[in-house]
Amino acid sequence: MAKTTTSPVRTGLVHLALLSYTLIALFPVFLTVINSFKDRASIFRDPLGLPTPSVFSLVGYETVLKQGDFMLYFQNSFIVTAVSIFFVLLFGAMAAFALSEYRFRGNTLMGLYLALGIMIPIRLGTVAILQGMVAAGLVNTLTALILVYTAQGLPLAVFILTEFMRTVSDDLKNAGRIDGLSEYSIFFRLVLPLIRPAMATVAVFTMIPIWNDLWFPLILAPSDATKTITLGSQVFIGQFVTNWNAVLAALTLAIVPVLVLYLIFSRQLIRGITAGAVK
Amino acid sequence: MSTVEQASADRGNDKRPWRWHIAVFLTPALLVYTAVMILPLIETLRLSLFNVKDGQSVFVGFDNFAVLFGDPRWAASFWNALKNNFIFFIIHMVVQNPIGVALAALLSVPKLRFGAFYRTALFLPTLLSFVIVGFIWKLILSPIWGVSPFLLDLVGLKSIFSPWLGKPGSALIAVSLISVWQYVGIPMMLIYAAMLNIPDEVLEAAECDGVTGWSQFWKIKLPLILPSIGIISILTFVGNFNAFDLVYTVQGALAGPDGATDILGTLLYRTFFGFQLQIGDKSMGATIATVMFLIILSGVCLYLFAIQRRMRRYQF
């Protein structure tokens, strides 16, 4: 019976199915990247051909770098994402520590209250969020985006980190208390270093939706100085729909950072998902 | 605050001083979360009961909803968006989730080589932004470029090609399938995790009883991963009824052709923010957001109280 599961035909079929779907998943990205390095004529004449020296051209990239303020957009995205992740991790870990470490009345209720945001998307409050940001004078600032993304990331962060903090040994914390450490030092010096793997998982989960979001940049910070890379490429590509070289080059430029980060963090991310962190 | 005091008082003579650090640990998260997420959500729900008359905000009860559901200016586009959103969701349920389960089943074949490579590659589209995904597929499906007719020709299906994104009859299906292509990684990963958690003894016992291959999948694995299928269904539901970005990127804010791909997210954007000749309307925007909230809430409640409770969980 063990034979049936490992027969070469069967294994071959499994690989065939997986390979064909891998092809479907990767082909569009591959197509975009190779064509961004070709001249206009060969993009249309031979879309599947590799960029050989005779058709190689960087004209698309030249247009993009000349016209679009991509460095600024990239910087904006980076600031917004990094600062939001920092606050999500810090505030999320602090709240998770309070919920998992201390027994106080309202503990469960507080946990449920914070978990509400996992299922209810923050987008539904947009009307009032915009109103509030206008009142606070934060429209067209990166601060507005950071605030929204921090609130958006907190529920899942608290949920995942609370589960993890429960696994930190009590003996260790009590030893710290006997040595006269304050509750704050216990948190920052004993517990935080121990939950670093969980923090990395949360960071990756928080990062993807923030980096890719189009809705809030479009509504809260559409000005030229505060555009994120996602909104920037959206507007830019929209203007250049007929300039295929520029569109393909802009798409490739937008894919590359994600691709690089993914190749670095994919192990962490996939382990995070399959470890049951989001079950 | 006082709850903490009471809690220590409840423990009798253990008269600990009020524990400030708990408040310090909780406050930043609570403050940001409440101020930026919960209060605006409540305020949006409240705004849906108000409308502007003669420059003043007046309480109008459920009038906004009556207008949205019944007034000829609004009702047609609202019911159209709602219907499209349901089709969008159903396409995800019947295409994305079965493909995700199938890929997970293939990935969890024991002693599979290159497993890590497949997982990394299959999950890649999920990480790309809607803008990238939307434009890539717009180019590929464009009749100007000719990549899709060419590829279809390779498998002898050139005749079925048409500018799918531009035809009212097929645009919604095309956009939904693009979204499926992007998001299939999520059900795949969650189901894959659930399948890894099935203990080997259960599968070995099944093999001893002669249950292998297909029947093993249907009789043993599928019942065991049902809770995870429930979770991916509710995640798909919430994600779909809150979707906006992909349609906006591929078809623009008008969700053309002729509103064929209009879903609640794009309708909310146009209503609240205004588009071209239409002026933004805060009250109606809040009303649509409230309807979306109620739809999502009822979906989540249905899942939590009706589905999740009845599902049998197996303890190993």
# chains A, B, ... in the order shown; residues from 1 in each chain; ligands from 1
>>> residues_around(residues="Ile186 of chain B", least_positions_apart="2", cutoff="9 Å", atoms="only C-alpha atoms", output="ChimeraX atom specification")
/B:100,123,126,183-184,188-191,232
>>> write_last_selection(atoms="N, CA and C atoms", output="compact mmCIF listing (two decimals), in the first residue's frame")
# COMPACT_ATOMS: atom_id res chain seq x y z
N GLY B 100 -7.27 26.13 -4.24
CA GLY B 100 -6.40 26.22 -3.07
C GLY B 100 -6.31 24.89 -2.34
N PHE B 123 2.87 31.25 -3.85
CA PHE B 123 2.38 32.29 -2.95
C PHE B 123 2.75 33.69 -3.45
N THR B 126 0.14 36.56 -4.37
CA THR B 126 -0.60 37.10 -3.24
C THR B 126 0.06 38.34 -2.66
N TYR B 183 -5.16 35.61 -5.22
CA TYR B 183 -5.36 35.24 -3.83
C TYR B 183 -5.39 33.76 -3.54
N VAL B 184 -5.17 32.93 -4.55
CA VAL B 184 -5.27 31.50 -4.31
C VAL B 184 -4.24 31.03 -3.28
N MET B 188 -4.57 28.13 -0.05
CA MET B 188 -3.58 27.07 -0.20
C MET B 188 -2.74 26.91 1.06
N MET B 189 -2.23 28.04 1.59
CA MET B 189 -1.35 27.96 2.75
C MET B 189 -2.10 27.50 4.00
N LEU B 190 -3.31 28.04 4.20
CA LEU B 190 -4.04 27.68 5.43
C LEU B 190 -4.43 26.21 5.41
N ILE B 191 -4.87 25.71 4.24
CA ILE B 191 -5.24 24.29 4.15
C ILE B 191 -4.00 23.41 4.26
N ILE B 232 -11.35 29.84 5.74
CA ILE B 232 -11.04 30.52 4.48
C ILE B 232 -12.30 31.07 3.83
>>> closest_residue(among="A:Phe159, A:Phe236, A:Tyr262, A:Phe70", to="chain B", atoms="only C-alpha atoms")
A:Tyr262
>>> select_by_dssp(residues="segment 118-302 of chain B", states="helix (DSSP H, G or I)", output="PyMOL selection string")
chain B and resi 118-127+130-141+147-154+158-160+164-166+168-183+185-196+200-208+213-240+245-251+264-273+282-302
>>> write_last_selection(atoms="C-alpha atoms", output="compact mmCIF listing (two decimals), in the first residue's frame")
# COMPACT_ATOMS: atom_id res chain seq x y z
CA TYR B 118 6.49 25.33 -5.17
CA ARG B 119 5.22 26.98 -2.00
CA THR B 120 7.34 30.08 -2.57
CA ALA B 121 6.36 30.39 -6.22
CA LEU B 122 2.65 29.75 -5.74
CA PHE B 123 2.38 32.29 -2.95
CA LEU B 124 4.16 35.07 -4.87
CA PRO B 125 1.09 36.62 -6.61
CA THR B 126 -0.60 37.10 -3.24
CA LEU B 127 2.12 39.54 -2.22
CA PHE B 130 -3.45 45.13 -6.81
CA VAL B 131 -1.98 47.85 -8.96
CA ILE B 132 0.70 45.55 -10.32
CA VAL B 133 -1.66 42.61 -10.72
CA GLY B 134 -4.37 44.73 -12.31
CA PHE B 135 -2.13 46.32 -14.89
CA ILE B 136 -0.25 43.13 -15.75
CA TRP B 137 -3.51 41.36 -16.54
CA LYS B 138 -4.88 44.35 -18.34
CA LEU B 139 -1.87 44.18 -20.65
CA ILE B 140 -2.06 40.42 -21.07
CA LEU B 141 -5.77 40.42 -21.84
CA VAL B 147 -0.25 37.72 -25.96
CA SER B 148 -3.44 35.89 -24.98
CA PRO B 149 -4.58 35.08 -28.55
CA PHE B 150 -1.07 33.82 -29.23
CA LEU B 151 -1.05 31.61 -26.11
CA LEU B 152 -4.56 30.33 -26.80
CA ASP B 153 -3.43 29.50 -30.31
CA LEU B 154 -0.75 27.22 -28.87
CA LYS B 158 -7.63 30.96 -30.47
CA SER B 159 -11.27 31.24 -31.52
CA ILE B 160 -12.49 31.72 -27.92
CA TRP B 164 -13.08 39.95 -22.06
CA LEU B 165 -12.42 42.96 -19.87
CA GLY B 166 -14.25 45.23 -22.28
CA PRO B 168 -20.24 43.74 -20.11
CA GLY B 169 -21.06 40.04 -20.20
CA SER B 170 -17.60 38.77 -19.32
CA ALA B 171 -15.86 41.67 -17.55
CA LEU B 172 -16.97 40.71 -14.03
CA ILE B 173 -15.92 37.09 -14.50
CA ALA B 174 -12.55 38.21 -15.90
CA VAL B 175 -11.91 40.57 -12.96
CA SER B 176 -12.97 37.90 -10.45
CA LEU B 177 -10.61 35.38 -12.03
CA ILE B 178 -7.74 37.87 -11.84
CA SER B 179 -8.50 38.26 -8.15
CA VAL B 180 -8.63 34.46 -7.79
CA TRP B 181 -5.23 34.20 -9.50
CA GLN B 182 -3.83 36.66 -7.00
CA TYR B 183 -5.36 35.24 -3.83
CA GLY B 185 -2.15 31.44 -2.14
CA ILE B 186 -4.07 32.18 1.06
CA PRO B 187 -6.45 29.19 1.07
CA MET B 188 -3.58 27.07 -0.20
CA MET B 189 -1.35 27.96 2.75
CA LEU B 190 -4.04 27.68 5.43
CA ILE B 191 -5.24 24.29 4.15
CA TYR B 192 -1.66 23.13 3.74
CA ALA B 193 -1.04 23.98 7.41
CA ALA B 194 -4.17 22.08 8.41
CA MET B 195 -3.09 19.04 6.41
CA LEU B 196 0.35 19.04 8.02
CA ASP B 200 0.55 10.32 10.62
CA GLU B 201 -1.10 7.62 12.76
CA VAL B 202 -4.51 8.53 11.38
CA LEU B 203 -3.29 8.25 7.80
CA GLU B 204 -1.39 5.03 8.56
CA ALA B 205 -4.49 3.54 10.13
CA ALA B 206 -6.43 4.52 7.01
CA GLU B 207 -3.85 2.85 4.79
CA CYS B 208 -4.02 -0.33 6.87
CA GLY B 213 -5.35 7.98 -2.68
CA TRP B 214 -8.59 9.66 -3.66
CA SER B 215 -10.81 7.94 -1.16
CA GLN B 216 -8.31 8.82 1.56
CA PHE B 217 -8.57 12.47 0.57
CA TRP B 218 -12.38 12.45 0.53
CA LYS B 219 -12.98 10.25 3.58
CA ILE B 220 -10.14 11.16 5.93
CA LYS B 221 -8.42 14.42 5.05
CA LEU B 222 -11.36 16.51 3.86
CA PRO B 223 -13.47 16.03 7.03
CA LEU B 224 -10.40 16.89 9.12
CA ILE B 225 -9.71 20.13 7.28
CA LEU B 226 -13.33 21.30 7.28
CA PRO B 227 -12.74 23.85 10.09
CA SER B 228 -10.00 25.45 7.99
CA ILE B 229 -12.31 25.53 4.97
CA GLY B 230 -14.79 27.39 7.18
CA ILE B 231 -12.10 29.93 8.07
CA ILE B 232 -11.04 30.52 4.48
CA SER B 233 -14.69 30.94 3.49
CA ILE B 234 -15.27 33.68 6.03
CA LEU B 235 -11.94 35.34 5.14
CA THR B 236 -12.98 35.29 1.47
CA PHE B 237 -16.38 36.70 2.37
CA VAL B 238 -14.98 39.62 4.37
CA GLY B 239 -12.28 40.30 1.77
CA ASN B 240 -14.71 40.25 -1.15
CA ASP B 245 -8.49 48.15 -5.34
CA LEU B 246 -8.46 45.59 -8.12
CA VAL B 247 -11.63 46.82 -9.82
CA TYR B 248 -10.43 50.41 -9.47
CA THR B 249 -7.09 49.56 -11.09
CA VAL B 250 -8.42 47.42 -13.90
CA GLN B 251 -11.66 49.19 -14.76
CA LEU B 264 -19.86 47.86 -3.15
CA GLY B 265 -16.30 49.15 -2.62
CA THR B 266 -16.24 51.10 -5.88
CA LEU B 267 -19.79 52.34 -5.33
CA LEU B 268 -18.77 53.60 -1.88
CA TYR B 269 -15.74 55.36 -3.34
CA ARG B 270 -17.74 57.11 -6.08
CA THR B 271 -20.57 58.06 -3.74
CA PHE B 272 -18.46 59.34 -0.89
CA PHE B 273 -15.67 60.95 -2.83
CA LYS B 282 -21.04 62.06 2.86
CA SER B 283 -24.39 60.85 4.17
CA MET B 284 -24.99 58.41 1.34
CA GLY B 285 -21.37 57.29 1.59
CA ALA B 286 -21.89 56.52 5.27
CA THR B 287 -25.13 54.73 4.38
CA ILE B 288 -23.38 52.44 1.89
CA ALA B 289 -20.56 51.82 4.39
CA THR B 290 -23.21 50.89 6.97
CA VAL B 291 -24.83 48.42 4.57
CA MET B 292 -21.40 46.88 3.93
CA PHE B 293 -20.80 46.73 7.67
CA LEU B 294 -24.10 44.94 8.25
CA ILE B 295 -23.43 42.45 5.44
CA ILE B 296 -19.96 41.65 6.77
CA LEU B 297 -21.20 41.50 10.37
CA SER B 298 -24.00 39.09 9.49
CA GLY B 299 -21.55 36.92 7.57
CA VAL B 300 -19.17 36.83 10.54
CA CYS B 301 -22.01 36.12 13.00
CA LEU B 302 -23.38 33.35 10.78
>>> closest_residue(among="A:Thr32, A:Ser57, A:Gln268, A:Asn140", to="chain B", atoms="only C-alpha atoms")
A:Thr32
>>> closest_residue(among="A:Ala41, A:Leu156, A:Leu142, A:Ala225", to="Trp145 of chain B", atoms="only C-alpha atoms")
A:Ala41
>>> closest_residue(among="A:Met94, A:Ala203, A:Val134, A:Val260", to="chain B", atoms="only C-alpha atoms")
A:Met94
>>> closest_residue(among="B:Lys167, B:His92, B:Arg113, B:Arg309", to="chain A", atoms="only C-alpha atoms")
B:Arg113
>>> closest_residue(among="A:Phe78, A:Val158, A:Ser223, A:Thr143", to="Phe91 of chain A", atoms="only C-alpha atoms")
A:Val158
>>> atom_distance(atom1="atom CA of Leu259 of chain A", atom2="atom CA of Leu19 of chain A")
19.8 Å
